[in-house]
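Data first, discussion second: the structure below is written as structure tokens.
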Amino acid sequence: MIDVLILPGLFGSGEGHWQQHWLQDQPGSRLVAQDDWDHPNLDNWLLRLEGALEEAGEAYLVAHSLGCLLAARLAGRSAARRVKGALLVAPCDLPVTENLHPGHITFGAMPTAPLPFPSIVVGSMNDAYMTVDRLALFGRLWNAETRNIGLAGHINVASGFGRWRNGYRLLEGLKTQTRGRRHVVSMPPAFAM
């Protein structure tokens, strides 16, 4: 049974990344693989995520960097009803990321719609991909609980995050928060009674 879908960001989450450890340590976790990690295209990545959610039935999302923006793009889409909750770690700011990696990303503008599922956004005070002020802004826009974990960089291998046990605790807290919460699937107006 798939309980958690792992959403890496630009270039994927390579060997040693906490998301790779997660796949080994957490039964029921599955990577949402993309055809092109080096040149992300929002439409293609969304199709893959929506397909994985359809296959899973319902799942939690554990996203990193650009994967957080992918998860946030589910707002307003029917696949969002399949998301039990999302742990969004070190979201990237698209203008900054496009400047750092010119020509790599086709992801449109930053998503700003409130997320229709419970979410925790985790960031740091010294992430080169998103300032702490922007982290707080997007946490509010997405209607997510925001956690600043201090001087943790981009919360990746380069900033010392291999196996990240606190991440497991954050997801468990999110699961506890959502247990017993009934998922309501909205019907289109033509079918409403």
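As shown in the structure tokens, the chain order sets the letters A, B, ...; within each chain, residues go from 1, and ligands are also counted from 1 in the order they appear.
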
Next item on the list: Pick out the residues sitting within 7 Å of Val121 in chain A, and hand them over as a list in words; count only C-alpha atoms, and ignore anything fewer than 4 positions along from it in its own chain.
Entry: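 Listing them by chain and then by number gives Leu87, Leu88, Val89, Gly139, Ala144, Glu145, Thr146 and Arg147 of chain A.
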
Please, could you write that set of residues out with C-alpha atoms as a PDB file, in the first residue's frame?
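And here's part_21.pdb as it stands now:
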ATOM      1  CA  LEU A  87       5.128  18.070   4.285  1.00  0.00           C
ATOM      2  CA  LEU A  88       6.747  20.773   2.142  1.00  0.00           C
ATOM      3  CA  VAL A  89      10.461  21.043   2.910  1.00  0.00           C
ATOM      4  CA  GLY A 139       3.279  29.620   4.314  1.00  0.00           C
ATOM      5  CA  ALA A 144       0.129  26.001   5.925  1.00  0.00           C
ATOM      6  CA  GLU A 145       1.791  25.719   9.308  1.00  0.00           C
ATOM      7  CA  THR A 146       5.301  27.140   8.900  1.00  0.00           C
ATOM      8  CA  ARG A 147       8.373  25.827  10.727  1.00  0.00           C
TER       9      ARG A 147
END

Notebook entry, point to check: Residues at most 6 Å from range 36-39 of chain A, counting only C-alpha atoms, excluding those fewer than 3 positions away in the same chain, as a list in words?
Noted result: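 Residues near the query, excluding close chain neighbours: Leu10, Phe11, Gly12, His104 and Ile105 of chain A.
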
Next item on the list: Taking the DSSP assignment computed from this structure's backbone, write out as a ChimeraX atom specification all residues of range 7-168 of chain A that belong to helix (DSSP H, G or I).
Entry: /A:18-25,42-56,66-72,78-82,94-100,132-141,157-159,165-168

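Restricting the calculation to only C-alpha atoms, the smallest distance between Ser13 in chain A and any of A:Leu70, A:Leu141, A:Met125, A:Val157 is found for A:Val157.
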
Taking only residues of range 112-189 of chain A that have an atom at most 10 Å from an atom of range 47-62 of chain A, what is each one's shortest atom pair and its distance in Å to one decimal, using only C-alpha atoms, in chain and number order, as a Markdown table?
| residue | atom | partner | partner_atom | distance |
| --- | --- | --- | --- | --- |
| A:Phe117 | CA | A:Tyr60 | CA | 9.7 |
| A:Pro118 | CA | A:Tyr60 | CA | 9.7 |
| A:Ser119 | CA | A:Leu61 | CA | 9.2 |
| A:Ile120 | CA | A:Val62 | CA | 9.9 |
| A:Gly167 | CA | A:Val62 | CA | 9.3 |
| A:Tyr168 | CA | A:Val62 | CA | 10.0 |
| A:Leu171 | CA | A:Val62 | CA | 8.1 |
| A:Leu174 | CA | A:Tyr60 | CA | 9.2 |
| A:Lys175 | CA | A:Tyr60 | CA | 8.3 |
| A:His183 | CA | A:Glu58 | CA | 9.5 |

Margin query: Just want the 7 Å neighbourhood of Ala90 in chain A, counted on only C-alpha atoms, with same-chain residues fewer than 5 positions away dropped. Output as a count of residues only.
Written below: 6
